[in-house]
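Enquirer: Next comes entry-v2.txt, compact mmCIF, C-alpha atoms and all ligand atoms:
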```txt
# COMPACT_ATOMS: atom_id res chain seq x y z
CA MET A 1 12.13 -17.32 14.22
CA ASN A 2 13.67 -13.96 13.54
CA LYS A 3 14.08 -11.78 16.60
CA ALA A 4 14.87 -8.72 14.50
CA LEU A 5 11.22 -8.39 13.49
CA GLN A 6 8.71 -6.23 15.32
CA TYR A 7 4.96 -6.64 15.30
CA PRO A 8 3.11 -3.40 16.15
CA PHE A 9 -0.36 -5.01 16.20
CA SER A 10 -0.97 -7.43 19.03
CA ALA A 11 -4.10 -9.12 17.64
CA PRO A 12 -5.67 -9.52 14.20
CA PRO A 13 -9.15 -8.20 13.38
CA GLY A 14 -12.02 -10.64 14.01
CA PRO A 15 -14.27 -12.01 11.24
CA GLY A 16 -16.21 -9.25 9.47
CA SER A 17 -14.25 -6.60 11.36
CA VAL A 18 -11.29 -4.39 10.44
CA THR A 19 -8.15 -2.98 12.02
CA THR A 20 -7.02 0.48 10.94
CA ILE A 21 -3.36 0.33 9.91
CA GLN A 22 -3.32 4.02 8.98
CA PRO A 23 -6.22 6.35 8.08
CA GLY A 24 -7.62 4.92 4.85
CA VAL A 25 -5.69 1.65 5.08
CA LEU A 26 -7.67 -1.18 6.68
CA TRP A 27 -6.71 -4.76 7.54
CA VAL A 28 -9.32 -7.50 7.08
CA ARG A 29 -8.82 -11.16 7.98
CA MET A 30 -10.69 -14.16 6.56
CA THR A 31 -10.56 -17.74 7.80
CA LEU A 32 -9.29 -20.60 5.64
CA PRO A 33 -10.46 -24.20 6.16
CA MET A 34 -6.96 -25.68 6.13
CA LYS A 35 -3.83 -25.94 8.21
CA LEU A 36 -3.01 -22.37 7.27
CA ASP A 37 -6.19 -21.02 8.84
CA HIS A 38 -6.30 -17.37 7.75
CA ILE A 39 -5.48 -14.79 5.10
CA ASN A 40 -5.00 -11.04 5.49
CA LEU A 41 -6.71 -8.73 2.99
CA TYR A 42 -6.39 -4.96 2.80
CA LEU A 43 -8.64 -2.03 1.89
CA LEU A 44 -7.36 1.30 0.54
CA GLU A 45 -9.59 4.36 0.63
CA ASP A 46 -9.80 6.58 -2.42
CA ASP A 47 -11.94 9.71 -2.88
CA ALA A 48 -14.66 7.85 -4.80
CA GLY A 49 -14.54 4.52 -2.97
CA TRP A 50 -12.36 1.65 -1.78
CA TRP A 51 -9.78 -0.61 -3.41
CA ILE A 52 -9.53 -4.22 -2.20
CA VAL A 53 -6.18 -6.03 -2.14
CA ASP A 54 -6.74 -9.82 -2.33
CA THR A 55 -10.14 -11.38 -1.88
CA GLY A 56 -10.26 -14.65 0.13
CA LEU A 57 -11.36 -18.16 -0.72
CA ARG A 58 -14.63 -19.05 -2.44
CA GLY A 59 -17.43 -19.81 0.03
CA GLU A 60 -20.43 -18.41 1.87
CA GLU A 61 -18.51 -17.58 5.03
CA THR A 62 -16.04 -15.31 3.23
CA ARG A 63 -18.89 -13.55 1.40
CA ALA A 64 -20.86 -13.02 4.60
CA ASN A 65 -17.80 -11.51 6.26
CA TRP A 66 -17.16 -9.25 3.27
CA GLU A 67 -20.79 -8.05 3.52
CA ARG A 68 -20.27 -7.25 7.21
CA VAL A 69 -17.15 -5.25 6.32
CA PHE A 70 -19.04 -3.40 3.56
CA ALA A 71 -21.97 -2.57 5.84
CA GLY A 72 -19.92 -1.53 8.83
CA HIS A 73 -16.60 -0.09 7.75
CA LEU A 74 -16.68 1.60 4.34
CA GLY A 75 -18.45 4.78 5.42
CA GLY A 76 -21.10 4.34 2.73
CA LYS A 77 -18.55 4.34 -0.09
CA PRO A 78 -18.53 1.62 -2.77
CA VAL A 79 -15.72 -0.72 -3.78
CA ILE A 80 -14.25 0.73 -6.98
CA GLY A 81 -11.48 -1.71 -7.84
CA MET A 82 -9.38 -4.60 -6.66
CA PHE A 83 -5.85 -5.89 -6.90
CA CYS A 84 -4.93 -9.56 -6.57
CA THR A 85 -1.31 -10.08 -5.62
CA HIS A 86 -1.15 -13.51 -7.25
CA CYS A 87 -3.13 -16.43 -8.61
CA HIS A 88 -3.40 -18.72 -5.57
CA PRO A 89 -6.98 -19.54 -4.56
CA ASP A 90 -7.01 -17.78 -1.18
CA HIS A 91 -6.07 -14.57 -3.01
CA ILE A 92 -8.29 -14.74 -6.13
CA GLY A 93 -11.15 -16.90 -4.79
CA GLN A 94 -13.71 -14.10 -4.47
CA ALA A 95 -12.43 -11.76 -7.20
CA GLY A 96 -15.17 -12.87 -9.61
CA TRP A 97 -17.92 -12.39 -7.03
CA LEU A 98 -16.59 -9.03 -5.83
CA SER A 99 -16.21 -7.81 -9.38
CA GLU A 100 -19.87 -8.67 -10.14
CA ARG A 101 -21.08 -7.41 -6.77
CA TRP A 102 -19.58 -3.95 -7.29
CA LYS A 103 -19.05 -3.86 -11.07
CA ALA A 104 -15.46 -3.15 -10.10
CA PRO A 105 -12.45 -3.97 -12.29
CA LEU A 106 -9.67 -6.39 -11.41
CA TRP A 107 -6.03 -5.31 -11.63
CA MET A 108 -3.39 -8.05 -11.83
CA THR A 109 -0.09 -8.77 -13.52
CA HIS A 110 -0.29 -10.53 -16.85
CA GLY A 111 1.35 -13.77 -15.65
CA GLU A 112 -0.84 -14.12 -12.57
CA TYR A 113 -4.11 -13.46 -14.37
CA TYR A 114 -3.52 -16.02 -17.10
CA VAL A 115 -2.16 -18.74 -14.80
CA GLY A 116 -5.13 -18.07 -12.50
CA ARG A 117 -7.55 -18.45 -15.42
CA VAL A 118 -6.00 -21.79 -16.42
CA PHE A 119 -5.94 -23.37 -12.95
CA SER A 120 -9.36 -22.06 -11.91
CA GLN A 121 -11.26 -23.30 -14.98
CA THR A 122 -13.91 -25.89 -14.25
CA GLY A 123 -12.64 -29.25 -15.47
CA ALA A 124 -9.10 -27.90 -15.79
CA GLU A 125 -7.15 -31.10 -15.65
CA GLY A 126 -3.46 -31.32 -15.06
CA PRO A 127 -0.94 -33.25 -17.13
CA PHE A 128 -1.65 -36.82 -15.99
CA TRP A 129 0.97 -39.02 -17.59
CA GLU A 130 3.48 -36.20 -17.40
CA GLY A 131 2.53 -35.72 -13.76
CA MET A 132 2.98 -39.44 -13.11
CA ASP A 133 6.42 -39.30 -14.71
CA PHE A 134 7.34 -36.16 -12.80
CA TYR A 135 6.56 -37.61 -9.37
CA ARG A 136 7.87 -41.08 -10.29
CA ARG A 137 11.24 -39.55 -11.22
CA ALA A 138 11.26 -37.97 -7.74
CA GLY A 139 10.79 -41.41 -6.19
CA ALA A 140 7.31 -40.61 -4.80
CA ALA A 141 5.57 -43.37 -2.85
CA PRO A 142 3.15 -45.67 -4.77
CA GLU A 143 0.17 -44.49 -2.68
CA PHE A 144 1.04 -40.90 -3.61
CA LEU A 145 1.12 -41.78 -7.32
CA GLU A 146 -2.22 -43.61 -7.07
CA ASN A 147 -3.94 -40.34 -6.19
CA ILE A 148 -2.22 -38.34 -8.89
CA ARG A 149 -5.48 -37.25 -10.54
CA LEU A 150 -6.54 -35.60 -7.31
CA ARG A 151 -3.30 -33.65 -7.19
CA MET A 152 -3.66 -32.53 -10.80
CA SER A 153 -7.24 -31.29 -10.53
CA GLY A 154 -6.54 -27.55 -10.38
CA PHE A 155 -8.38 -25.34 -7.92
CA SER A 156 -11.71 -24.57 -9.56
CA GLY A 157 -13.56 -25.71 -6.40
CA MET A 158 -11.87 -22.98 -4.35
CA VAL A 159 -12.29 -20.09 -6.78
CA GLU A 160 -15.26 -18.24 -8.26
CA PRO A 161 -14.82 -17.92 -12.03
CA LEU A 162 -12.41 -15.04 -12.48
CA PRO A 163 -13.58 -11.76 -14.03
CA ARG A 164 -13.52 -12.13 -17.82
CA SER A 165 -11.30 -9.12 -18.26
CA PHE A 166 -8.52 -7.53 -16.28
CA HIS A 167 -6.29 -4.48 -16.20
CA ARG A 168 -2.63 -5.26 -16.49
CA VAL A 169 -0.20 -4.12 -13.79
CA ARG A 170 3.50 -3.92 -14.62
CA GLY A 171 6.39 -3.50 -12.19
CA GLY A 172 6.99 0.23 -11.64
CA ASP A 173 3.39 1.27 -12.38
CA GLY A 174 2.00 3.83 -9.97
CA PHE A 175 -1.52 4.22 -8.53
CA VAL A 176 -2.54 7.37 -6.70
CA ILE A 177 -5.11 6.23 -4.15
CA GLY A 178 -6.35 8.58 -1.44
CA GLY A 179 -3.75 11.17 -2.39
CA SER A 180 -0.64 9.00 -2.08
CA ARG A 181 1.18 6.83 -4.59
CA TRP A 182 1.29 3.05 -4.49
CA GLU A 183 4.00 1.56 -6.66
CA ALA A 184 3.87 -1.92 -8.17
CA VAL A 185 6.87 -4.09 -7.23
CA VAL A 186 6.93 -7.53 -8.83
CA GLY A 187 8.52 -10.66 -7.36
CA HIS A 188 8.91 -14.18 -8.75
CA GLY A 189 9.38 -17.73 -7.54
CA HIS A 190 6.37 -18.39 -5.28
CA SER A 191 4.13 -17.61 -8.24
CA PRO A 192 4.85 -16.33 -11.75
CA GLU A 193 4.58 -12.55 -11.43
CA HIS A 194 3.61 -11.67 -7.87
CA LEU A 195 2.42 -8.09 -7.26
CA CYS A 196 3.44 -6.16 -4.15
CA LEU A 197 2.38 -2.55 -3.52
CA LEU A 198 4.86 -0.10 -2.03
CA ASN A 199 3.88 3.29 -0.63
CA ARG A 200 7.06 5.27 0.09
CA GLU A 201 5.20 8.22 1.55
CA ARG A 202 3.16 6.15 4.00
CA ARG A 203 6.06 3.71 4.48
CA LEU A 204 3.91 0.65 3.79
CA LEU A 205 4.54 -2.48 1.69
CA ILE A 206 1.62 -4.80 0.91
CA SER A 207 3.65 -7.95 0.35
CA GLY A 208 1.13 -10.77 -0.32
CA ASP A 209 2.95 -14.11 -0.11
CA GLN A 210 6.22 -12.64 -1.39
CA VAL A 211 7.42 -11.71 2.12
CA ILE A 212 5.77 -13.30 5.18
CA PRO A 213 7.27 -12.96 8.66
CA LEU A 214 6.81 -16.46 10.14
CA ILE A 215 6.07 -18.71 7.16
CA THR A 216 8.57 -19.54 4.44
CA SER A 217 6.53 -19.29 1.23
CA ASN A 218 6.52 -22.45 -0.82
CA VAL A 219 8.79 -22.35 -3.88
CA SER A 220 7.80 -25.32 -6.01
CA VAL A 221 8.52 -26.90 -9.33
CA MET A 222 5.26 -28.31 -10.67
CA ALA A 223 4.56 -31.09 -13.15
CA ILE A 224 3.38 -28.55 -15.73
CA GLU A 225 6.98 -27.28 -16.02
CA PRO A 226 9.28 -30.02 -14.70
CA GLU A 227 12.54 -28.24 -15.46
CA GLY A 228 11.54 -24.89 -13.99
CA ASP A 229 13.97 -23.04 -11.73
CA PRO A 230 11.72 -20.94 -9.48
CA LEU A 231 14.30 -20.85 -6.68
CA ALA A 232 16.65 -18.80 -8.87
CA ASP A 233 13.76 -16.38 -9.46
CA TRP A 234 12.95 -16.32 -5.75
CA LEU A 235 16.52 -15.55 -4.67
CA GLU A 236 16.85 -12.87 -7.37
CA SER A 237 13.62 -11.22 -6.18
CA HIS A 238 14.73 -11.24 -2.55
CA ARG A 239 18.06 -9.64 -3.41
CA ARG A 240 16.26 -7.01 -5.49
CA PHE A 241 13.74 -6.33 -2.69
CA LEU A 242 16.71 -5.43 -0.45
CA GLU A 243 16.81 -2.19 -2.48
CA LEU A 244 13.37 -1.23 -1.13
CA PRO A 245 13.26 0.98 1.98
CA ASP A 246 13.83 -0.98 5.19
CA ASP A 247 11.64 1.22 7.37
CA VAL A 248 8.32 0.15 5.80
CA LEU A 249 5.59 -1.59 7.76
CA VAL A 250 5.14 -4.84 5.83
CA LEU A 251 1.50 -5.91 5.38
CA PRO A 252 1.70 -9.64 4.53
CA ALA A 253 -1.07 -12.01 3.44
CA HIS A 254 -0.39 -14.33 6.40
CA ASN A 255 0.72 -13.81 10.02
CA THR A 256 0.62 -10.15 11.12
CA PRO A 257 2.10 -6.81 9.93
CA PHE A 258 5.75 -6.37 10.83
CA TYR A 259 8.82 -4.15 10.69
CA GLY A 260 12.11 -5.66 9.60
CA LEU A 261 11.83 -6.17 5.84
CA HIS A 262 15.55 -6.45 5.17
CA ALA A 263 16.16 -8.75 8.13
CA ARG A 264 13.42 -11.06 6.90
CA LEU A 265 14.72 -11.01 3.31
CA ARG A 266 18.26 -11.79 4.47
CA TYR A 267 16.97 -14.57 6.68
CA LEU A 268 15.05 -16.13 3.77
CA ILE A 269 18.03 -15.92 1.42
CA ALA A 270 20.22 -17.58 4.06
CA HIS A 271 17.52 -20.19 4.71
CA HIS A 272 17.48 -21.34 1.08
CA GLU A 273 21.24 -21.15 0.67
CA ASP A 274 21.55 -23.33 3.75
CA HIS A 275 19.04 -25.81 2.34
CA LEU A 276 20.99 -25.89 -0.93
CA ALA A 277 24.22 -26.65 0.92
CA ALA A 278 22.57 -29.32 3.08
CA LEU A 279 21.03 -31.03 0.04
CA GLU A 280 24.29 -30.90 -1.87
CA GLU A 281 26.06 -32.55 1.08
CA ALA A 282 23.34 -35.21 1.37
CA CYS A 283 24.00 -36.07 -2.29
CA VAL A 284 27.45 -37.37 -1.35
CA THR A 285 25.31 -40.52 -1.05
CA PRO A 286 23.31 -40.79 -4.32
CA SER A 287 19.74 -39.91 -3.32
CA THR A 288 16.25 -39.49 -4.75
CA VAL A 289 14.12 -36.43 -4.09
CA ARG A 290 11.90 -38.45 -1.77
CA GLU A 291 14.95 -39.58 0.22
CA LEU A 292 16.12 -35.96 0.41
CA LEU A 293 12.87 -34.59 1.90
CA PRO A 294 13.96 -35.07 5.56
CA VAL A 295 17.06 -32.96 4.83
CA ILE A 296 14.85 -29.88 4.53
CA PHE A 297 11.56 -30.97 6.19
CA ARG A 298 11.79 -32.60 9.60
CA ARG A 299 8.06 -32.67 10.29
CA THR A 300 5.68 -35.44 9.25
CA LEU A 301 4.05 -34.44 5.98
CA ASP A 302 0.43 -35.18 5.06
CA ALA A 303 -0.55 -35.80 1.42
CA GLU A 304 -1.21 -32.13 0.65
CA GLN A 305 2.05 -31.04 2.24
CA THR A 306 3.97 -33.83 0.51
CA THR A 307 3.04 -32.35 -2.88
CA LEU A 308 4.37 -28.95 -1.81
CA ALA A 309 7.43 -30.48 -0.15
CA LEU A 310 8.35 -32.57 -3.20
CA GLY A 311 7.89 -29.49 -5.39
CA GLU A 312 10.12 -27.43 -3.12
CA CYS A 313 12.80 -30.10 -2.90
CA ILE A 314 12.79 -30.42 -6.71
CA ALA A 315 13.14 -26.62 -6.94
CA HIS A 316 16.34 -26.87 -4.91
CA MET A 317 17.63 -29.82 -6.96
CA ASN A 318 16.91 -28.04 -10.27
CA PHE A 319 18.83 -25.03 -8.96
CA LEU A 320 21.79 -27.24 -7.95
CA LEU A 321 21.66 -29.06 -11.31
CA ARG A 322 21.79 -25.83 -13.28
CA ALA A 323 24.64 -24.60 -11.13
CA GLY A 324 26.55 -27.83 -11.82
CA ARG A 325 26.64 -28.63 -8.10
CA VAL A 326 24.87 -32.00 -8.52
CA ARG A 327 24.34 -34.51 -11.31
CA SER A 328 21.31 -36.67 -11.83
CA GLU A 329 21.03 -40.15 -13.33
CA PRO A 330 17.90 -42.28 -13.76
CA ASP A 331 18.06 -45.79 -12.32
CA ALA A 332 16.53 -48.83 -14.05
CA GLY A 333 13.07 -47.87 -12.78
CA GLY A 334 13.34 -44.28 -14.08
CA VAL A 335 13.84 -42.80 -10.59
CA HIS A 336 16.45 -40.04 -10.56
CA ARG A 337 19.33 -40.12 -8.13
CA TYR A 338 21.34 -36.99 -7.46
CA THR A 339 25.08 -37.06 -6.78
CA ALA A 340 27.43 -34.30 -5.67
CA PRO A 341 30.65 -34.82 -7.66
CA ASP A 342 32.86 -32.26 -5.85
CA PRO A 343 35.15 -34.02 -3.31
CA ALA A 344 35.23 -30.81 -1.24
CA VAL A 345 31.50 -31.30 -0.59
CA ALA A 346 32.16 -34.74 0.90
CA ALA A 347 34.73 -33.20 3.24
CA ARG A 348 32.32 -30.39 4.17
CA ALA A 349 29.50 -32.90 4.76
CA ARG A 350 31.41 -34.50 7.62
CA THR A 351 31.49 -31.35 9.72
CA ALA A 352 28.77 -28.98 8.49
CA THR A 353 25.74 -28.12 10.61
CA HIS A 354 22.54 -26.61 9.27
CA GLN A 355 19.80 -24.50 10.75
CA ARG A 356 17.06 -26.98 9.73
CA ASP A 357 14.24 -24.75 10.92
CA ASP A 358 10.77 -26.02 10.30
CA ASP A 359 7.65 -23.94 9.69
CA PRO A 360 4.42 -25.44 10.97
CA VAL A 361 2.51 -24.76 7.76
CA MET A 362 3.20 -24.18 4.08
CA VAL A 363 1.67 -21.56 1.88
ZN ZN A 401 0.50 -17.94 -2.59
```
Go through the file and emit its structure as structure tokens.
Ligand SMILES: [Zn+2]
Expert:
Amino acid sequence: MNKALQYPFSAPPGPGSVTTIQPGVLWVRMTLPMKLDHINLYLLEDDAGWWIVDTGLRGEETRANWERVFAGHLGGKPVIGMFCTHCHPDHIGQAGWLSERWKAPLWMTHGEYYVGRVFSQTGAEGPFWEGMDFYRRAGAAPEFLENIRLRMSGFSGMVEPLPRSFHRVRGGDGFVIGGSRWEAVVGHGHSPEHLCLLNRERRLLISGDQVIPLITSNVSVMAIEPEGDPLADWLESHRRFLELPDDVLVLPAHNTPFYGLHARLRYLIAHHEDHLAALEEACVTPSTVRELLPVIFRRTLDAEQTTLALGECIAHMNFLLRAGRVRSEPDAGGVHRYTAPDPAVAARARTATHQRDDDPVMV
């Protein structure tokens, strides 16, 4: 918990309702049928109509709530376009429906649109034997490996087919909406090319999952790219975001709007650096990824969360490997064990303490 953050809105808008952040900037909330039970979406008013930022999960309930918002809060104006911050299903799930409903174009970054198209295709199947190998190397439990097909099934069930065309957004692009300029700022690590929208004049930052006040966004290596280093991307993005103005009201996709961008970024950088140090110290005893999970996750993990937790732990180990801070060797069964070769780490491990904070949910 970061006490430096301030939350100017005491309660979120109810289903089908809106909260006015500023004139022409509305906050909408949709429910999610999972441990993380909500997503925040935003509406930006332009002269000719409204822009939607993120769309919610596929499903009748989300659509019905969108219709209530359209009927009650748009002042008779149409939806004229939409942005999706990134390719995860709670963000792109209704983009296809909304695009058809309003004949409105979708704006996304190149990386997010194409990854979203791949994972949301019906029958999109993950890499099975490669996936088996990936999780076996991590030392995953046999019952986890048995259900590997389930974990590799993509997210077509949660997403309406995406619009068949899109408009590309690049970092630095500007959009004048309602007389003020929104600037595209791109982050990496949680997803390939995550779009945030900064308005310097209004002092607002729509941050998606790139910066969330109370949830540490999942940074995972996935079986599709086993040697990926998304944590390096994540840390680089956070350091770069420290150059953005600190006095913006951050409008995140989860939790509630907050002030304290720089404090949150610094906290998240420190959080991952601390996890890296704790994992490195744990590797004084040669360890598998599965054995390392309790070093960074204290809570009991269900099957869904185990996939994210393994991915996140592997992200930290890949970072440490590339930095030369650990080595990895397969044992006779092909399970990798990580070792920290630096004797100074062993000395540090005897006395170091770590913050070991634990978020209740992962996103
Ligand atoms: Zn996400």
Enquirer: Which residues sit within 8 Å of ligand ZN 401 (chain A), counting all atoms listed in the file, listed as a list in words?
Expert: His86, Cys87, His88, Pro89, Asp90, His91, His190, Ser191, Gly208, Asp209, Gln210, Ser217, Asn218 and Val363 of chain A
Enquirer: Just give me the gap between CA of Arg58 (chain A) and CA of Ala104 (chain A) in Å, one decimal is fine.
Expert: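 So the answer is 17.7 Å.
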Enquirer: Quick one: distance from CA of Asp54 (chain A) to CA of Ala223 (chain A) in Å, one decimal?
Expert: 26.4 Å
Enquirer: Counting all atoms listed in the file, which of A:Pro294, A:Pro163, A:Gly131, A:Gly174 gets nearest to Val221 (chain A)?
Expert: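 So, comparing all the options, the nearest one is A:Gly131.
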Enquirer: Between CA of Tyr135 (chain A) and CA of His316 (chain A), what is the distance in Å, rounded to a tenth?
Expert: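 Result for CA of Tyr135 (chain A) versus CA of His316 (chain A): 15.2 Å, one decimal.
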Enquirer: Find the residues around Gly24 (chain A) up to 8 Å (all atoms listed in the file counted), leave out those fewer than 6 positions away in its own chain, and share them as a PyMOL selection string.
Expert: chain A and resi 43-46+178
Enquirer: Measuring between all atoms listed in the file, which one of A:Ile39, A:Met222, A:Ile215, A:Leu150 shows the shortest distance to Ala315 (chain A)?
Expert: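 Going through A:Ile39, A:Met222, A:Ile215, A:Leu150 one by one, the smallest distance to Ala315 (chain A) is for A:Met222.
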Enquirer: Determine, counting all atoms listed in the file, which protein, DNA and RNA residues have an atom within 8 Å of an atom of region 272-286 of chain A; residues of the same chain fewer than 4 positions away are not included. Present the result as a list in words.
Expert: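 So, after excluding close chain neighbours, the residues are Leu268, Leu292, Val295, Ile296, His316, Met317, Leu320, Arg325, Val326, Arg337, Tyr338, Thr339, Ala340, Pro341, Val345, Ala346, Arg348, Ala349, His354, Gln355 and Arg356 of chain A.
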Enquirer: Could you check which of A:His73, A:Gly154, A:Pro192, A:Gly16 is closest to Val118 (chain A), using only C-alpha atoms?
Expert: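 When distances to Val118 (chain A) are compared using only C-alpha atoms, the smallest one comes from A:Gly154.
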Enquirer: Which residue gives the smallest distance to Pro213 (chain A) among A:Arg322, A:Phe258, A:Phe119, A:Arg63, with only C-alpha atoms counted?
Expert: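 Closest candidate: A:Phe258.
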Enquirer: Between A:Ala303, A:Met108, A:Asp229, A:Pro257, which is the closest to Thr19 (chain A) once you count only C-alpha atoms?
Expert: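 Ranking A:Ala303, A:Met108, A:Asp229, A:Pro257 by distance to Thr19 (chain A), first place goes to A:Pro257.
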Enquirer: Closest to Gln22 (chain A) among A:Leu244, A:Ala48, A:Leu204, A:Ala332, using all atoms listed in the file?
Expert: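 Looking at the shortest contact to Gln22 (chain A), the residue is A:Leu204.
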Enquirer: Could you give me, as a CSV table (one decimal) with C-alpha atoms, keeping the file's coordinate frame, the residues that sit within 8 Å of (7.8, 4.9, -5.5) in the file's coordinates, counting all atoms listed in the file?
Expert:
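Saved the output as selection_7.csv:
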```csv
chain,number,residue,atom,x,y,z
A,172,GLY,CA,7.0,0.2,-11.6
A,174,GLY,CA,2.0,3.8,-10.0
A,181,ARG,CA,1.2,6.8,-4.6
A,182,TRP,CA,1.3,3.0,-4.5
A,183,GLU,CA,4.0,1.6,-6.7
A,198,LEU,CA,4.9,-0.1,-2.0
A,199,ASN,CA,3.9,3.3,-0.6
A,200,ARG,CA,7.1,5.3,0.1
```
Enquirer: Give me, as a compact mmCIF listing (two decimals) with C-alpha atoms, keeping the file's coordinate frame, all polymer residues having an atom no more than 10 Å from region 248-251 of chain A, counting only C-alpha atoms and skipping those fewer than 6 positions away in the same chain.
Expert:
```
# COMPACT_ATOMS: atom_id res chain seq x y z
CA GLN A 6 8.71 -6.23 15.32
CA TYR A 7 4.96 -6.64 15.30
CA PRO A 8 3.11 -3.40 16.15
CA ILE A 21 -3.36 0.33 9.91
CA TRP A 27 -6.71 -4.76 7.54
CA ASN A 40 -5.00 -11.04 5.49
CA LEU A 41 -6.71 -8.73 2.99
CA TYR A 42 -6.39 -4.96 2.80
CA CYS A 196 3.44 -6.16 -4.15
CA LEU A 197 2.38 -2.55 -3.52
CA LEU A 198 4.86 -0.10 -2.03
CA ASN A 199 3.88 3.29 -0.63
CA ARG A 200 7.06 5.27 0.09
CA GLU A 201 5.20 8.22 1.55
CA ARG A 202 3.16 6.15 4.00
CA ARG A 203 6.06 3.71 4.48
CA LEU A 204 3.91 0.65 3.79
CA LEU A 205 4.54 -2.48 1.69
CA ILE A 206 1.62 -4.80 0.91
CA SER A 207 3.65 -7.95 0.35
CA GLY A 208 1.13 -10.77 -0.32
CA ASP A 209 2.95 -14.11 -0.11
CA VAL A 211 7.42 -11.71 2.12
CA ILE A 212 5.77 -13.30 5.18
CA PRO A 213 7.27 -12.96 8.66
CA PRO A 257 2.10 -6.81 9.93
CA PHE A 258 5.75 -6.37 10.83
CA TYR A 259 8.82 -4.15 10.69
CA GLY A 260 12.11 -5.66 9.60
CA LEU A 261 11.83 -6.17 5.84
CA HIS A 262 15.55 -6.45 5.17
```
Enquirer: Would you pick out the contacts of Asp302 (chain A) at 12 Å or less, using only C-alpha atoms, so that residues sharing its chain but fewer than 4 positions from it are not included, and give the list as a compact mmCIF listing (two decimals) with C-alpha atoms, in the coordinates of the input?
Expert:
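Heads up, here's the output in part-v2.txt:
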```txt
# COMPACT_ATOMS: atom_id res chain seq x y z
CA LYS A 35 -3.83 -25.94 8.21
CA PHE A 144 1.04 -40.90 -3.61
CA PHE A 297 11.56 -30.97 6.19
CA THR A 306 3.97 -33.83 0.51
CA THR A 307 3.04 -32.35 -2.88
CA LEU A 308 4.37 -28.95 -1.81
CA ALA A 309 7.43 -30.48 -0.15
CA LEU A 310 8.35 -32.57 -3.20
CA VAL A 361 2.51 -24.76 7.76
CA MET A 362 3.20 -24.18 4.08
```
Enquirer: Some atoms are absent from region 127-139 of chain A, so rebuild N, CA and C atoms and return them as a PDB file, keeping the file's coordinate frame.
Expert:
```pdb
ATOM      1  N   PRO A 127      -1.601 -32.314 -16.213  1.00  0.00           N
ATOM      2  CA  PRO A 127      -0.940 -33.250 -17.130  1.00  0.00           C
ATOM      3  C   PRO A 127      -0.768 -34.604 -16.441  1.00  0.00           C
ATOM      4  N   PHE A 128      -1.637 -35.583 -16.784  1.00  0.00           N
ATOM      5  CA  PHE A 128      -1.650 -36.820 -15.990  1.00  0.00           C
ATOM      6  C   PHE A 128      -0.430 -37.705 -16.188  1.00  0.00           C
ATOM      7  N   TRP A 129      -0.182 -38.113 -17.453  1.00  0.00           N
ATOM      8  CA  TRP A 129       0.970 -39.020 -17.590  1.00  0.00           C
ATOM      9  C   TRP A 129       2.265 -38.274 -17.312  1.00  0.00           C
ATOM     10  N   GLU A 130       2.276 -36.980 -17.687  1.00  0.00           N
ATOM     11  CA  GLU A 130       3.480 -36.200 -17.400  1.00  0.00           C
ATOM     12  C   GLU A 130       3.645 -36.026 -15.883  1.00  0.00           C
ATOM     13  N   GLY A 131       2.503 -35.858 -15.222  1.00  0.00           N
ATOM     14  CA  GLY A 131       2.530 -35.720 -13.760  1.00  0.00           C
ATOM     15  C   GLY A 131       3.012 -37.003 -13.100  1.00  0.00           C
ATOM     16  N   MET A 132       2.528 -38.140 -13.603  1.00  0.00           N
ATOM     17  CA  MET A 132       2.980 -39.440 -13.110  1.00  0.00           C
ATOM     18  C   MET A 132       4.495 -39.555 -13.245  1.00  0.00           C
ATOM     19  N   ASP A 133       4.972 -39.224 -14.449  1.00  0.00           N
ATOM     20  CA  ASP A 133       6.420 -39.300 -14.710  1.00  0.00           C
ATOM     21  C   ASP A 133       7.199 -38.372 -13.777  1.00  0.00           C
ATOM     22  N   PHE A 134       6.667 -37.181 -13.611  1.00  0.00           N
ATOM     23  CA  PHE A 134       7.340 -36.160 -12.800  1.00  0.00           C
ATOM     24  C   PHE A 134       7.541 -36.660 -11.372  1.00  0.00           C
ATOM     25  N   TYR A 135       6.452 -37.178 -10.762  1.00  0.00           N
ATOM     26  CA  TYR A 135       6.560 -37.610  -9.370  1.00  0.00           C
ATOM     27  C   TYR A 135       7.263 -38.976  -9.261  1.00  0.00           C
ATOM     28  N   ARG A 136       7.153 -39.797 -10.313  1.00  0.00           N
ATOM     29  CA  ARG A 136       7.870 -41.080 -10.290  1.00  0.00           C
ATOM     30  C   ARG A 136       9.381 -40.830 -10.312  1.00  0.00           C
ATOM     31  N   ARG A 137       9.810 -39.895 -11.170  1.00  0.00           N
ATOM     32  CA  ARG A 137      11.240 -39.550 -11.220  1.00  0.00           C
ATOM     33  C   ARG A 137      11.761 -39.115  -9.855  1.00  0.00           C
ATOM     34  N   ALA A 138      10.868 -38.455  -9.071  1.00  0.00           N
ATOM     35  CA  ALA A 138      11.260 -37.970  -7.740  1.00  0.00           C
ATOM     36  C   ALA A 138      11.273 -39.091  -6.709  1.00  0.00           C
ATOM     37  N   GLY A 139      10.820 -40.292  -7.117  1.00  0.00           N
ATOM     38  CA  GLY A 139      10.790 -41.410  -6.190  1.00  0.00           C
ATOM     39  C   GLY A 139       9.587 -41.390  -5.264  1.00  0.00           C
TER      40      GLY A 139
END
```
